[in-house]
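Here is the file structure-v6.txt (compact mmCIF, C-alpha atoms).
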# COMPACT_ATOMS: atom_id res chain seq x y z
CA PRO A 1 36.18 38.97 -10.20
CA GLY A 2 36.48 35.24 -10.96
CA ALA A 3 33.58 35.06 -13.41
CA LYS A 4 35.70 34.67 -16.55
CA ARG A 5 37.45 31.60 -15.12
CA SER A 6 34.30 30.15 -13.58
CA PRO A 7 32.90 26.87 -14.95
CA TYR A 8 29.39 28.08 -14.08
CA VAL A 9 27.04 29.66 -16.61
CA PHE A 10 25.58 31.89 -13.91
CA PRO A 11 28.31 32.44 -11.31
CA SER A 12 28.00 34.29 -8.04
CA GLU A 13 29.82 37.58 -7.62
CA ASP A 14 33.04 35.77 -6.70
CA GLY A 15 32.84 33.33 -9.65
CA GLY A 16 31.61 30.43 -7.52
CA PRO A 17 28.28 28.63 -7.73
CA LEU A 18 25.08 30.44 -6.87
CA THR A 19 23.69 29.70 -3.44
CA HIS A 20 20.28 28.10 -3.01
CA ASP A 21 18.97 31.36 -1.53
CA GLY A 22 20.37 33.27 -4.51
CA VAL A 23 18.53 31.06 -6.97
CA VAL A 24 15.29 31.26 -4.97
CA ASP A 25 15.64 35.05 -4.97
CA MET A 26 16.18 35.11 -8.77
CA TYR A 27 12.98 33.16 -9.35
CA ARG A 28 11.07 35.40 -6.95
CA ARG A 29 12.29 38.47 -8.83
CA LEU A 30 11.41 36.91 -12.19
CA ARG A 31 7.86 36.21 -10.97
CA GLU A 32 7.56 39.82 -9.78
CA LYS A 33 9.01 41.44 -12.92
CA VAL A 34 7.82 39.25 -15.80
CA PRO A 35 4.11 39.51 -16.50
CA GLY A 36 2.38 36.20 -17.09
CA LEU A 37 4.76 33.96 -15.18
CA PRO A 38 2.78 31.63 -12.93
CA LYS A 39 2.96 32.20 -9.18
CA ASN A 40 4.45 28.74 -8.74
CA PHE A 41 7.22 29.28 -11.38
CA SER A 42 10.26 27.70 -9.75
CA THR A 43 13.35 25.62 -10.32
CA ASN A 44 11.35 22.42 -9.81
CA GLY A 45 8.78 23.45 -12.42
CA VAL A 46 11.52 24.21 -14.92
CA ARG A 47 13.21 20.86 -14.17
CA ARG A 48 9.94 18.96 -14.56
CA GLY A 49 9.23 20.67 -17.88
CA TRP A 50 12.74 20.01 -19.20
CA ASN A 51 12.69 16.34 -18.16
CA ASN A 52 9.26 15.78 -19.72
CA ARG A 53 10.31 17.41 -23.00
CA PHE A 54 13.58 15.46 -22.99
CA ALA A 55 11.71 12.17 -22.47
CA VAL A 56 9.40 12.93 -25.41
CA GLY A 57 12.37 13.91 -27.60
CA ALA A 58 14.27 10.77 -26.64
CA GLU A 59 11.25 8.63 -27.44
CA GLN A 60 10.88 10.32 -30.84
CA ALA A 61 14.58 9.66 -31.49
CA GLY A 62 14.07 5.97 -30.69
CA VAL A 63 16.12 6.04 -27.48
CA SER A 64 15.07 3.51 -24.81
CA ASP A 65 13.69 4.79 -21.50
CA GLU A 66 16.69 3.39 -19.64
CA LEU A 67 19.23 5.13 -21.87
CA SER A 68 17.12 8.28 -21.92
CA LEU A 69 17.34 8.51 -18.12
CA VAL A 70 21.11 8.01 -18.15
CA VAL A 71 21.57 10.64 -20.86
CA ALA A 72 19.23 13.08 -19.11
CA ASN A 73 21.22 12.61 -15.90
CA GLN A 74 24.40 13.40 -17.83
CA ALA A 75 22.86 16.50 -19.41
CA GLN A 76 21.82 17.81 -16.01
CA GLY A 77 25.10 17.02 -14.26
CA ARG A 78 23.84 14.10 -12.19
CA VAL A 79 25.45 10.71 -11.64
CA PRO A 80 24.28 8.17 -14.26
CA THR A 81 22.31 6.14 -11.67
CA SER A 82 20.43 9.11 -10.18
CA VAL A 83 16.66 8.68 -9.80
CA GLN A 84 16.00 12.43 -9.97
CA GLY A 85 15.34 12.40 -13.71
CA GLU A 86 12.61 9.81 -13.19
CA ASN A 87 11.16 11.85 -10.33
CA TYR A 88 10.84 14.90 -12.59
CA ARG A 89 9.16 13.01 -15.48
CA SER A 90 5.72 12.90 -13.89
CA ARG A 91 3.80 14.35 -16.86
CA TYR A 92 5.57 12.11 -19.37
CA ASN A 93 4.95 9.05 -17.18
CA ARG A 94 1.29 10.00 -16.69
CA ASN A 95 0.80 10.42 -20.45
CA LYS A 96 2.53 7.10 -21.17
CA ALA A 97 0.33 5.36 -18.58
CA THR A 98 -2.79 6.85 -20.20
CA GLU A 99 -1.61 5.75 -23.64
CA ILE A 100 -1.02 2.18 -22.44
CA VAL A 101 -4.37 2.02 -20.62
CA ASN A 102 -6.13 3.23 -23.77
CA ILE A 103 -4.42 0.52 -25.83
CA MET A 104 -5.49 -2.08 -23.25
CA GLN A 105 -9.08 -0.79 -23.27
CA ASP A 106 -9.19 -0.81 -27.07
CA ALA A 107 -7.93 -4.40 -27.11
CA VAL A 108 -10.63 -5.49 -24.65
CA THR A 109 -13.32 -3.56 -26.50
CA ASP A 110 -12.28 -5.04 -29.87
CA THR A 111 -12.25 -8.55 -28.38
CA SER A 112 -15.67 -8.11 -26.76
CA LYS A 113 -17.12 -6.87 -30.06
CA GLU A 114 -15.95 -10.09 -31.73
CA VAL A 115 -17.51 -12.22 -28.96
CA THR A 116 -20.90 -10.46 -29.20
CA LYS A 117 -21.16 -10.85 -32.99

File written out as structure tokens:
Amino acid sequence: PGAKRSPYVFPSEDGGPLTHDGVVDMYRRLREKVPGLPKNFSTNGVRRGWNNRFAVGAEQAGVSDELSLVVANQAQGRVPTSVQGENYRSRYNRNKATEIVNIMQDAVTDTSKEVTK
């Protein structure tokens, strides 16, 4: 009844927000009905994926990590100082850490090659 006036993209039957149980049930049904979805397909997995892709896109656009987190919080309806965006960026953070460690290793390896010559 109130869906047309609802500010929510996916409103409940009365136009209000979906309940937690309703969302959990939707994901369960999706896993049952859509072949190929992983058994652990969930809201958290979707959030992690979105935040990782957003971080990569922000980096490619030249946006600082700090601003990227604020903007991601805005896009997901969080307060600007929320730490949730950072919590969901695990893959991006892991890849960045690997990239930095590789740069450090290359620098040490290049230096040691010069010393041994």

(Q) Just to confirm, what's the straight-line distance from atom CA of A:Thr81 to atom CA of A:Leu67 in Å (one decimal)? (A) 10.7 Å

Q: Would you please work out which residue, of A:Met26, A:Ala75, A:Ala55, A:Val108, is nearest to A:Phe10 when using only C-alpha atoms?
A: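 Smallest separation from A:Phe10 among the options: A:Met26.
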
Q. Looking at A:Pro7, A:Gly57, A:Pro17, A:Gly49, which one is nearest to A:Asn87, with distances taken over only C-alpha atoms?
A.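 For A:Asn87, the nearest of the given residues is A:Gly49.
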
**Q.** Length of the atom CA of A:Tyr27 to atom CA of A:Ser42 vector [Å]
**A.** 6.1 Å

Q. So how far away is atom CA of A:Phe54 from atom CA of A:Leu37, in Å?
A.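 So the answer is 21.9 Å.
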
Q | Neighbour list for stretch 21-25 of chain A as a PyMOL selection string, cut-off 12 Å, all atoms listed in the file, skip fewer than 5 positions in-chain | A | chain A and resi 10-13+16+30-32+40-44

Q: Identify which of the residues A:Val70, A:Asn102, A:Arg48, A:Gly36 lies closest to A:Ser90, counting all atoms listed in the file when measuring atom-to-atom distances.
A: A:Arg48

**Q.** Selected residue, from A:Asn93, A:Thr98, A:Thr19, A:Ser6, that lies nearest to A:Asp65 when counting only C-alpha atoms
**A.** A:Asn93

Q. With all atoms listed in the file as the atoms that count, which of A:Ser68, A:Asn51, A:Thr109, A:Gln60 lies nearest to A:Gln84?
A.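 The closest residue to A:Gln84 is A:Asn51.
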